[in-house]
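> If it helps, the file is called run04.txt and holds compact mmCIF, C-alpha atoms:
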```
# COMPACT_ATOMS: atom_id res chain seq x y z
CA MET A 29 137.39 81.04 167.64
CA LYS A 30 136.35 82.68 164.38
CA THR A 31 132.69 83.48 163.79
CA TRP A 32 130.72 82.50 160.69
CA HIS A 33 128.02 85.05 159.98
CA GLN A 34 125.64 83.25 157.66
CA LEU A 35 121.87 83.39 157.84
CA PRO A 36 120.68 79.96 156.57
CA THR A 37 117.52 81.47 155.07
CA ASP A 38 119.42 84.09 153.03
CA PRO A 39 118.14 83.61 149.44
CA PRO A 40 121.56 83.48 147.68
CA PHE A 41 122.76 80.95 150.27
CA VAL A 42 119.63 78.81 149.83
CA GLN A 43 120.21 78.67 146.08
CA ASN A 44 123.95 77.95 146.27
CA PRO A 45 125.58 77.49 149.68
CA TYR A 46 128.80 76.02 148.34
CA PRO A 47 130.76 79.28 147.85
CA ALA A 48 129.95 80.21 151.47
CA TYR A 49 131.12 76.79 152.65
CA ARG A 50 134.33 77.12 150.65
CA THR A 51 135.12 80.53 152.12
CA ALA A 52 134.29 79.40 155.65
CA ARG A 53 136.35 76.22 155.40
CA ALA A 54 139.35 78.18 154.13
CA ALA A 55 139.05 80.62 157.03
CA ALA A 56 138.84 78.00 159.81
CA ALA A 57 137.73 74.40 160.14
CA VAL A 58 135.76 75.21 163.31
CA GLN A 59 133.78 78.42 163.82
CA ALA A 60 131.05 79.82 166.04
CA TRP A 61 127.77 80.06 164.13
CA PRO A 62 125.56 82.51 166.04
CA ASP A 63 122.68 82.26 163.55
CA TYR A 64 122.22 78.62 164.61
CA LYS A 65 123.60 79.06 168.14
CA MET A 66 126.05 76.24 167.46
CA THR A 67 129.68 75.54 166.68
CA ALA A 68 130.09 74.69 162.99
CA VAL A 69 132.66 72.19 161.66
CA PHE A 70 133.51 72.42 157.96
CA ASN A 71 136.32 70.05 156.99
CA TYR A 72 136.01 66.38 156.10
CA ALA A 73 138.50 64.95 158.59
CA LEU A 74 136.94 66.60 161.62
CA VAL A 75 133.32 66.00 160.56
CA SER A 76 134.09 62.32 159.98
CA HIS A 77 135.88 62.08 163.32
CA ILE A 78 133.03 63.61 165.33
CA LEU A 79 130.40 61.47 163.58
CA LYS A 80 132.15 58.40 165.03
CA ASP A 81 133.45 59.78 168.33
CA ARG A 82 131.46 58.47 171.32
CA LEU A 83 132.29 61.66 173.23
CA PHE A 84 129.74 63.33 170.95
CA GLY A 85 126.13 62.21 170.70
CA ARG A 86 122.59 63.09 169.78
CA GLU A 87 121.13 63.27 173.27
CA PRO A 88 121.49 66.66 175.00
CA LEU A 89 123.01 66.70 178.47
CA ASP A 90 119.88 68.37 179.83
CA PRO A 91 116.33 67.55 178.71
CA ILE A 92 115.01 69.78 175.92
CA LYS A 93 112.64 72.43 177.22
CA PHE A 94 109.66 72.99 174.96
CA ALA A 95 106.40 74.92 175.00
CA PRO A 96 103.23 72.98 175.87
CA HIS A 97 101.91 73.19 172.30
CA LEU A 98 104.91 71.10 171.13
CA ALA A 99 104.29 68.19 173.50
CA PRO A 100 102.85 65.87 170.77
CA PHE A 101 105.94 66.34 168.61
CA TYR A 102 108.49 65.82 171.37
CA THR A 103 106.57 62.87 172.81
CA ILE A 104 107.30 61.07 169.55
CA GLU A 105 110.91 62.33 169.42
CA ALA A 106 111.50 60.86 172.90
CA HIS A 107 111.36 57.34 171.41
CA SER A 108 113.32 58.03 168.20
CA MET A 109 116.55 56.09 167.82
CA LEU A 110 117.84 59.05 165.81
CA GLU A 111 117.74 61.15 169.00
CA LEU A 112 119.02 58.52 171.46
CA GLU A 113 122.36 57.12 172.59
CA PRO A 114 123.24 53.65 173.94
CA PRO A 115 121.89 51.63 175.55
CA ARG A 116 118.43 52.74 174.30
CA HIS A 117 119.73 53.42 170.78
CA THR A 118 121.46 50.02 170.60
CA ARG A 119 118.29 48.20 171.63
CA LEU A 120 116.00 50.06 169.21
CA ARG A 121 118.34 49.87 166.23
CA SER A 122 118.93 46.16 166.79
CA LEU A 123 115.21 45.45 166.86
CA VAL A 124 114.58 47.55 163.76
CA LEU A 125 117.38 45.91 161.79
CA ARG A 126 115.85 42.51 162.49
CA ALA A 127 112.93 43.65 160.33
CA PHE A 128 114.69 46.13 158.00
CA THR A 129 117.06 43.55 156.50
CA SER A 130 119.33 43.89 153.48
CA ARG A 131 117.57 40.89 151.93
CA ARG A 132 114.20 42.60 152.19
CA ILE A 133 115.61 45.77 150.66
CA LYS A 134 117.13 43.90 147.70
CA GLU A 135 113.81 42.20 147.08
CA LEU A 136 112.26 45.61 146.43
CA ALA A 137 114.30 46.20 143.24
CA PRO A 138 111.69 44.77 140.81
CA GLU A 139 108.93 46.74 142.55
CA ILE A 140 110.93 49.96 142.26
CA GLU A 141 111.59 49.29 138.57
CA ALA A 142 107.91 48.66 137.88
CA LEU A 143 106.87 51.75 139.83
CA CYS A 144 109.33 53.91 137.87
CA ASP A 145 107.94 52.57 134.60
CA ASP A 146 104.36 53.24 135.72
CA LEU A 147 105.20 56.82 136.70
CA LEU A 148 107.07 57.46 133.46
CA ASP A 149 104.08 56.16 131.50
CA THR A 150 101.99 59.01 132.93
CA ILE A 151 104.39 61.80 131.96
CA PRO A 152 102.92 63.88 129.08
CA PRO A 153 105.11 63.55 125.99
CA ASP A 154 104.30 66.97 124.55
CA GLN A 155 104.42 69.37 127.50
CA PRO A 156 106.74 70.24 130.40
CA PHE A 157 106.36 68.40 133.70
CA ASP A 158 107.66 68.81 137.23
CA LEU A 159 110.06 65.98 138.05
CA ILE A 160 109.71 66.51 141.81
CA LYS A 161 105.93 66.14 141.77
CA HIS A 162 105.55 63.45 139.13
CA TYR A 163 108.59 61.23 139.79
CA ALA A 164 110.95 62.11 142.64
CA THR A 165 108.28 62.33 145.34
CA PRO A 166 106.04 59.33 144.54
CA ILE A 167 108.84 56.77 144.29
CA PRO A 168 110.11 56.77 147.91
CA VAL A 169 106.70 57.49 149.45
CA ILE A 170 104.96 54.61 147.68
CA ILE A 171 107.85 52.22 148.33
CA ILE A 172 107.93 53.01 152.05
CA CYS A 173 104.13 52.55 152.16
CA ARG A 174 104.53 49.10 150.62
CA LEU A 175 107.40 48.26 152.94
CA LEU A 176 105.44 49.27 156.04
CA GLY A 177 102.27 47.63 154.76
CA VAL A 178 100.31 50.88 154.71
CA PRO A 179 97.74 51.34 151.90
CA GLU A 180 99.16 53.33 148.99
CA THR A 181 95.95 55.36 149.03
CA MET A 182 97.33 56.91 152.24
CA ALA A 183 100.52 58.10 150.53
CA THR A 184 99.36 61.70 150.05
CA GLN A 185 98.20 61.99 153.67
CA LEU A 186 101.36 60.38 155.02
CA LEU A 187 103.44 62.76 152.93
CA SER A 188 101.53 65.73 154.31
CA TRP A 189 102.05 64.60 157.91
CA SER A 190 105.71 63.90 157.22
CA ASN A 191 106.35 67.28 155.60
CA ASP A 192 104.71 69.07 158.51
CA MET A 193 106.84 67.20 161.05
CA VAL A 194 110.12 67.51 159.15
CA ALA A 195 109.61 71.29 158.89
CA MET A 196 110.50 71.44 162.59
CA TYR A 197 114.15 70.92 161.63
CA GLN A 198 114.23 73.79 159.15
CA ALA A 199 115.74 77.22 159.70
CA ARG A 200 112.45 78.88 158.71
CA ARG A 201 110.62 77.29 161.67
CA ASP A 202 108.00 79.55 163.27
CA ARG A 203 104.89 79.20 165.47
CA MET A 204 102.66 78.18 162.55
CA ILE A 205 105.10 75.44 161.53
CA GLU A 206 105.26 74.26 165.14
CA GLU A 207 101.48 74.01 165.43
CA ARG A 208 101.22 72.09 162.17
CA ALA A 209 103.96 69.73 163.34
CA ALA A 210 102.19 69.08 166.64
CA ARG A 211 98.88 68.40 164.89
CA ALA A 212 100.55 66.11 162.34
CA SER A 213 102.34 64.24 165.13
CA THR A 214 99.06 63.49 166.89
CA GLU A 215 97.24 62.42 163.73
CA PHE A 216 100.18 60.39 162.42
CA ALA A 217 100.62 58.59 165.74
CA ASP A 218 96.90 57.82 166.01
CA PHE A 219 96.92 56.35 162.50
CA ILE A 220 99.96 54.13 163.10
CA ARG A 221 98.53 52.95 166.44
CA ARG A 222 95.22 51.92 164.87
CA PHE A 223 96.95 50.30 161.93
CA ALA A 224 99.42 48.41 164.13
CA GLU A 225 96.58 47.04 166.23
CA GLU A 226 94.93 45.76 163.05
CA LYS A 227 98.22 44.10 162.06
CA ARG A 228 98.46 42.49 165.46
CA LEU A 229 95.09 40.80 164.78
CA LYS A 230 95.79 40.12 161.10
CA PRO A 231 99.57 39.76 160.55
CA ALA A 232 100.98 40.22 157.06
CA ASP A 233 104.33 40.16 155.27
CA ASP A 234 105.21 43.79 155.98
CA LEU A 235 107.49 45.86 158.16
CA ILE A 236 104.88 46.81 160.76
CA THR A 237 104.08 43.15 161.38
CA GLN A 238 107.79 42.35 161.54
CA LEU A 239 108.37 45.20 163.99
CA LEU A 240 105.53 43.91 166.14
CA ASN A 241 107.21 40.51 166.18
CA ALA A 242 110.85 41.66 166.39
CA GLU A 243 112.36 40.43 169.64
CA GLU A 244 115.78 40.25 171.26
CA ASN A 245 116.38 38.45 174.54
CA GLY A 246 112.65 38.59 175.25
CA ASP A 247 112.52 42.35 174.60
CA LYS A 248 110.10 43.86 172.09
CA LEU A 249 109.28 47.34 170.90
CA SER A 250 106.63 49.09 172.97
CA MET A 251 103.70 50.53 171.04
CA ASP A 252 105.10 54.06 171.52
CA GLU A 253 108.48 52.91 170.19
CA LEU A 254 106.86 51.18 167.23
CA ILE A 255 104.85 54.30 166.37
CA THR A 256 107.92 56.52 166.53
CA THR A 257 109.99 54.04 164.50
CA CYS A 258 107.39 53.87 161.72
CA ILE A 259 107.18 57.67 161.62
CA LEU A 260 110.98 57.94 161.55
CA LEU A 261 111.27 55.41 158.72
CA LEU A 262 108.68 57.25 156.66
CA ASN A 263 110.10 60.71 157.33
CA ALA A 264 113.70 59.70 156.74
CA GLY A 265 112.78 57.15 154.08
CA HIS A 266 111.42 59.68 151.62
CA GLU A 267 112.99 63.07 152.44
CA ALA A 268 116.54 62.29 151.36
CA THR A 269 115.55 60.33 148.27
CA VAL A 270 113.19 63.00 146.94
CA HIS A 271 115.88 65.66 147.20
CA THR A 272 118.64 63.43 145.84
CA ILE A 273 116.66 62.42 142.76
CA GLY A 274 115.86 66.08 142.05
CA ASN A 275 119.36 67.37 142.76
CA GLY A 276 120.88 64.45 140.88
CA VAL A 277 118.83 64.84 137.70
CA LYS A 278 119.51 68.59 137.73
CA THR A 279 123.25 67.92 138.01
CA LEU A 280 123.31 65.21 135.34
CA LEU A 281 121.44 67.43 132.85
CA GLU A 282 123.36 70.62 133.61
CA THR A 283 126.71 68.86 133.25
CA HIS A 284 125.61 66.97 130.13
CA THR A 285 126.78 63.75 131.73
CA SER A 286 127.05 60.83 129.34
CA ARG A 287 124.46 58.06 129.58
CA ASP A 288 127.44 55.75 130.07
CA ALA A 289 127.44 56.93 133.70
CA LEU A 290 124.07 55.18 134.12
CA ALA A 291 125.23 51.76 132.95
CA ASP A 292 125.14 48.87 135.40
CA ASP A 293 128.91 48.93 135.87
CA ALA A 294 128.98 52.70 136.46
CA ILE A 295 125.78 53.63 138.27
CA ASP A 296 127.11 53.05 141.79
CA GLN A 297 129.91 55.58 141.24
CA THR A 298 127.44 58.05 139.73
CA VAL A 299 125.07 57.73 142.68
CA GLU A 300 127.88 58.28 145.20
CA GLU A 301 129.11 61.32 143.29
CA ILE A 302 125.60 62.80 143.27
CA LEU A 303 125.37 62.24 147.02
CA ARG A 304 128.74 63.90 147.51
CA PHE A 305 128.28 66.78 145.09
CA ASP A 306 124.82 68.05 146.07
CA PRO A 307 123.55 66.10 149.10
CA PRO A 308 120.00 66.28 150.48
CA LEU A 309 121.04 66.98 154.09
CA HIS A 310 123.60 69.71 154.81
CA VAL A 311 123.84 69.69 158.61
CA PHE A 312 123.71 66.98 161.26
CA THR A 313 124.19 67.92 164.90
CA ARG A 314 125.94 66.38 167.90
CA TYR A 315 126.32 67.39 171.54
CA CYS A 316 129.77 67.37 173.11
CA TYR A 317 129.89 65.28 176.31
CA GLU A 318 133.29 66.36 177.68
CA ASP A 319 135.72 69.25 177.40
CA LEU A 320 138.20 68.06 174.79
CA GLU A 321 140.56 69.06 172.03
CA ILE A 322 140.63 67.48 168.57
CA GLU A 323 143.23 68.41 165.97
CA GLY A 324 143.93 71.62 167.84
CA HIS A 325 140.27 72.62 168.11
CA SER A 326 138.61 72.95 171.52
CA PHE A 327 135.08 71.82 172.31
CA GLU A 328 133.29 72.36 175.60
CA ARG A 329 130.96 70.02 177.41
CA GLY A 330 127.38 70.77 176.37
CA ASP A 331 128.31 72.43 173.05
CA GLU A 332 125.91 71.67 170.22
CA VAL A 333 128.01 71.08 167.13
CA ALA A 334 126.78 71.52 163.56
CA LEU A 335 128.55 69.02 161.34
CA MET A 336 128.52 70.64 157.90
CA LEU A 337 128.09 67.52 155.79
CA ALA A 338 127.89 69.29 152.43
CA ALA A 339 130.97 71.39 153.20
CA ALA A 340 132.90 68.28 154.23
CA ASN A 341 131.94 66.59 150.96
CA ARG A 342 133.71 69.36 149.04
CA ASP A 343 136.85 69.57 151.15
CA PRO A 344 139.81 69.81 148.73
CA ASP A 345 142.07 68.13 151.29
CA HIS A 346 140.04 64.96 150.77
CA TRP A 347 138.41 65.29 147.34
CA PRO A 348 140.48 66.31 144.30
CA ASP A 349 138.80 69.15 142.38
CA PRO A 350 135.74 68.92 144.71
CA ASP A 351 133.58 71.51 142.94
CA HIS A 352 133.69 69.46 139.76
CA PHE A 353 131.04 66.78 139.23
CA ASP A 354 132.82 63.62 138.13
CA PRO A 355 130.74 60.43 137.92
CA THR A 356 133.92 58.41 137.33
CA ARG A 357 135.38 59.56 140.66
CA LYS A 358 136.68 56.68 142.78
CA ILE A 359 134.19 55.88 145.52
CA GLN A 360 135.24 57.14 148.93
CA THR A 361 133.10 57.44 152.02
CA ASN A 362 131.11 60.67 151.93
CA THR A 363 129.24 62.14 154.89
CA SER A 364 125.81 62.41 153.28
CA PHE A 365 124.26 59.58 155.34
CA GLY A 366 126.07 60.54 158.53
CA GLY A 367 128.33 58.04 160.23
CA GLY A 368 129.03 56.05 163.34
CA LEU A 369 126.16 54.78 165.49
CA HIS A 370 123.70 57.02 163.70
CA PHE A 371 124.62 56.10 160.13
CA CYS A 372 121.32 56.24 158.25
CA VAL A 373 119.47 52.93 158.60
CA GLY A 374 117.68 53.65 155.31
CA ALA A 375 120.84 54.27 153.26
CA PRO A 376 120.68 50.91 151.41
CA LEU A 377 117.09 51.59 150.36
CA ALA A 378 117.88 55.15 149.26
CA ARG A 379 120.85 53.96 147.19
CA LEU A 380 118.74 51.23 145.59
CA GLU A 381 115.99 53.70 144.66
CA LEU A 382 118.57 56.03 143.11
CA ARG A 383 120.37 53.35 141.14
CA VAL A 384 117.03 52.27 139.65
CA ALA A 385 115.22 55.60 139.25
CA LEU A 386 117.97 57.60 137.55
CA PRO A 387 118.74 55.20 134.67
CA LYS A 388 115.02 54.48 134.17
CA LEU A 389 114.26 58.17 133.72
CA LEU A 390 117.17 59.19 131.54
CA ASN A 391 117.27 56.08 129.36
CA ARG A 392 113.55 56.16 128.65
CA LEU A 393 113.59 59.91 128.00
CA PRO A 394 116.93 60.47 126.25
CA ARG A 395 116.06 64.01 125.08
CA LEU A 396 115.10 65.20 128.54
CA HIS A 397 116.14 68.78 129.26
CA ILE A 398 115.53 71.58 131.74
CA VAL A 399 113.05 74.23 130.56
CA GLU A 400 112.95 76.54 133.60
CA PRO A 401 115.77 77.71 135.90
CA PRO A 402 115.79 75.30 138.86
CA LYS A 403 115.07 76.87 142.26
CA TYR A 404 115.98 75.36 145.59
CA ALA A 405 113.36 75.50 148.35
CA ASN A 406 113.93 77.32 151.63
CA LEU A 407 114.28 74.08 153.62
CA TYR A 408 117.69 74.41 155.25
CA HIS A 409 119.26 72.32 156.71
CA PHE A 410 117.75 70.13 153.99
CA HIS A 411 118.67 71.01 150.42
CA GLY A 412 116.20 70.23 147.66
CA LEU A 413 114.41 71.78 144.72
CA GLU A 414 110.96 73.39 144.84
CA ARG A 415 110.39 71.90 141.44
CA LEU A 416 112.36 70.84 138.37
CA MET A 417 110.55 71.60 135.15
CA LEU A 418 111.62 69.29 132.32
CA ALA A 419 110.54 68.51 128.77
CA THR A 420 111.07 65.39 126.75
CA HIS A 421 111.25 67.03 123.31
CA GLY A 422 112.14 70.31 121.68
```
Let's see the structure in the file written out as structure tokens.

Amino acid sequence: MKTWHQLPTDPPFVQNPYPAYRTARAAAAVQAWPDYKMTAVFNYALVSHILKDRLFGREPLDPIKFAPHLAPFYTIEAHSMLELEPPRHTRLRSLVLRAFTSRRIKELAPEIEALCDDLLDTIPPDQPFDLIKHYATPIPVIIICRLLGVPETMATQLLSWSNDMVAMYQARRDRMIEERAARASTEFADFIRRFAEEKRLKPADDLITQLLNAEENGDKLSMDELITTCILLLNAGHEATVHTIGNGVKTLLETHTSRDALADDAIDQTVEEILRFDPPLHVFTRYCYEDLEIEGHSFERGDEVALMLAAANRDPDHWPDPDHFDPTRKIQTNTSFGGGLHFCVGAPLARLELRVALPKLLNRLPRLHIVEPPKYANLYHFHGLERLMLATHG
């Protein structure tokens, strides 16, 4: 097996990983990646296959060993449907989907539109502003607060806890990041527990109340499962959308994409192309549960496999001219939200936020332009901008 020598925190790679993906994919679809201690898979066909193959899963064969200071973080992870396989995953996801319905998501559209307008009203007309801070970040955080039934005044604190926890998945993880994640896990869990108990006494029309009441064959979420689910929905519910709005606006402005791509009959294609072209999550992992061979590539039982989502989304064997941003591209399934049992439960909400937020911004501010070279943050395996400085005139 070939070896891919790529440090994920290398500055040129952080800013533009796509040339490295292209070179790696051309060399071999499957390679050892010693910097991540995993096997990396680069092409679309194999990534898509493994995402859906039940011989690969999120649960390790042996329990994860962790230092005592990380116990609060991994106590929460132990109940996360993102980290579980059937039957526990099936049970949790079924209960969550009884509350997180497509009807409820669609009903959020007017709220998202109003929120976008309110945020745009606060943007200074005569000086540059940071899109990430003033627009991309507040939209998903406030919406998920409303969905859960958490006071919007808690949005900043929830975002802080979430960022500290999500940093555990980043290549730059160190002891300080671990300690912050453990502290955030404890504080976040305590908050959700207190808030859920209040909802139990005073039910409301919100997701926490619905999760408390969600039942299947007499089975309900335990309090620990409810806490973890709320934390997962907040963490996953804002991270991808923040990065996709930032990456998407950067791409639309740099490519001088016509406003026609934001029309009602075109926006879905534009959103899918943004997700394909510069996705917010670049790696999703699976464990191999048996020795097996797929398309001539061997995997061993216990292997942790890095599915290179962003590399798969630019595979020329699946996407014509993949390094070209084309908002008129025919919609095909990309890998940006994963696939199979673990397809992102929040994907419909993320897509809705994007199809509302992008046209609102660019139609209301038609002269919007970039005034400072965009810089991606060192967040790998996430991929998002530190900031995106824009101006509305000049």
> Counting all atoms listed in the file, figure out which residue out of A:Asp63, A:Asp354, A:Asp331, A:Glu226 gets nearest to Glu87 of chain A.
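Looking at the shortest contact to Glu87 of chain A, the residue is A:Asp331.
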> Go ahead and compute the interatomic distance for atom CA of Gly85 of chain A and atom CA of Met336 of chain A, in Å to one decimal.
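We find that atom CA of Gly85 of chain A and atom CA of Met336 of chain A lie 15.5 Å from each other.
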> Here is a test: counting all atoms listed in the file, which residue of A:Ile172, A:Ala210, A:Leu413, A:Ile259 is nearest to Gln43 of chain A?
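Checking each of A:Ile172, A:Ala210, A:Leu413, A:Ile259 against Gln43 of chain A, counting all atoms listed in the file, the winner is A:Leu413.
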> For a test of reading the model, state the distance in Å between atom CA of Ala183 of chain A and atom CA of Glu381 of chain A, rounded to one decimal.
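Between atom CA of Ala183 of chain A and atom CA of Glu381 of chain A the gap works out to 17.1 Å.
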> Kindly indicate which residue among A:His266, A:Lys93, A:Arg342, A:His325 lies nearest to Ala375 of chain A, using all atoms listed in the file for the distances.
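The answer is A:His266, which sits nearest to Ala375 of chain A.
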> When you look at segment 70-76 of chain A with a cut-off of 9 Å (counting all atoms listed in the file), what residues show up, excluding the ones that are within fewer than 2 positions of it in the same chain? I need them as a compact mmCIF listing (two decimals) with C-alpha atoms, in the frame of the given file.

```txt
# COMPACT_ATOMS: atom_id res chain seq x y z
CA TYR A 49 131.12 76.79 152.65
CA ARG A 50 134.33 77.12 150.65
CA ALA A 52 134.29 79.40 155.65
CA ARG A 53 136.35 76.22 155.40
CA ALA A 56 138.84 78.00 159.81
CA ALA A 57 137.73 74.40 160.14
CA VAL A 58 135.76 75.21 163.31
CA GLN A 59 133.78 78.42 163.82
CA ALA A 68 130.09 74.69 162.99
CA ILE A 78 133.03 63.61 165.33
CA LEU A 79 130.40 61.47 163.58
CA LYS A 80 132.15 58.40 165.03
CA ASP A 81 133.45 59.78 168.33
CA ILE A 322 140.63 67.48 168.57
CA GLU A 323 143.23 68.41 165.97
CA ALA A 334 126.78 71.52 163.56
CA LEU A 335 128.55 69.02 161.34
CA MET A 336 128.52 70.64 157.90
CA LEU A 337 128.09 67.52 155.79
CA ALA A 338 127.89 69.29 152.43
CA ALA A 339 130.97 71.39 153.20
CA ALA A 340 132.90 68.28 154.23
CA ASN A 341 131.94 66.59 150.96
CA ARG A 342 133.71 69.36 149.04
CA ASP A 343 136.85 69.57 151.15
CA PRO A 344 139.81 69.81 148.73
CA ASP A 345 142.07 68.13 151.29
CA HIS A 346 140.04 64.96 150.77
CA ASN A 362 131.11 60.67 151.93
CA THR A 363 129.24 62.14 154.89
CA GLY A 366 126.07 60.54 158.53
CA GLY A 367 128.33 58.04 160.23
CA GLY A 368 129.03 56.05 163.34
```
> Rounded to one decimal place, report the atom CA of Arg221 of chain A-atom CA of Leu249 of chain A distance in Å.
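Rounded to one decimal, the two atoms are 12.9 Å apart.
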> Per residue of segment 187-236 of chain A within 12 Å of segment 123-147 of chain A, which atom pair is closest and at what distance in Å (one decimal), using only C-alpha atoms, listed by chain and increasing number, as a tab-separated table?

```
residue	atom	partner	partner_atom	distance
A:Asp233	CA	A:Ala127	CA	10.6
A:Asp234	CA	A:Ala127	CA	8.9
A:Leu235	CA	A:Ala127	CA	6.3
A:Ile236	CA	A:Ala127	CA	8.7
```
> Given the choices A:His97, A:Arg211, A:Arg383, A:Arg329, which gets closest to Gly276 of chain A if the distance is worked out from only C-alpha atoms?
A:Arg383
> Just the residues within 12 Å of Ile92 of chain A, please, counting all atoms listed in the file, with nothing from its chain fewer than 5 positions along; format it as a PyMOL selection string.
chain A and resi 86-87+98-99+102-103+105-106+111
> Using only C-alpha atoms, which residues sit within 6 Å of segment 388-399 of chain A once same-chain residues fewer than 6 positions away are excluded, as JSON, numbers by chain?
{"A": [417, 418, 419, 420, 421]}
> Which neighbours of Pro39 of chain A fall inside 12 Å, counting all atoms listed in the file, when residues of the same chain fewer than 4 positions from it are skipped, and could you give them as an MDAnalysis selection string?
chainID A and resid 34:35 43:45 200 403:408
> Which of these residues is nearest to Ala385 of chain A, using all atoms listed in the file: A:Val178, A:Met251, A:Leu89, A:Val270?
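Ranking A:Val178, A:Met251, A:Leu89, A:Val270 by distance to Ala385 of chain A, first place goes to A:Val270.
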> Which residues are close to segment 307-310 of chain A, i.e. within 8 Å by only C-alpha atoms, leaving aside same-chain residues fewer than 5 positions away? Reply as a list in words.
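Near segment 307-310 of chain A, the qualifying residues are Glu267, Ala268, Thr269, His271, Thr272, Asn275, Ile302, Met336, Leu337, Ala338, Ala339, Ser364, Tyr408, His409, Phe410, His411 and Gly412 of chain A.
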> Pick from A:Thr67, A:Asn191, A:Thr31, A:Ser122: nearest to Phe327 of chain A, with all atoms listed in the file counted?
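That would be A:Thr67, the residue with the smallest distance to Phe327 of chain A.
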> Let me have the centre and edge lengths in Å, one decimal, of the box along x, y and z around every listed atom of segment 345-348 of chain A with 6 Å of margin on each side, as lines of an AutoDock Vina configuration file.

```
center_x = 140.2
center_y = 66.5
center_z = 147.8
size_x = 15.7
size_y = 15.2
size_z = 19.0
```
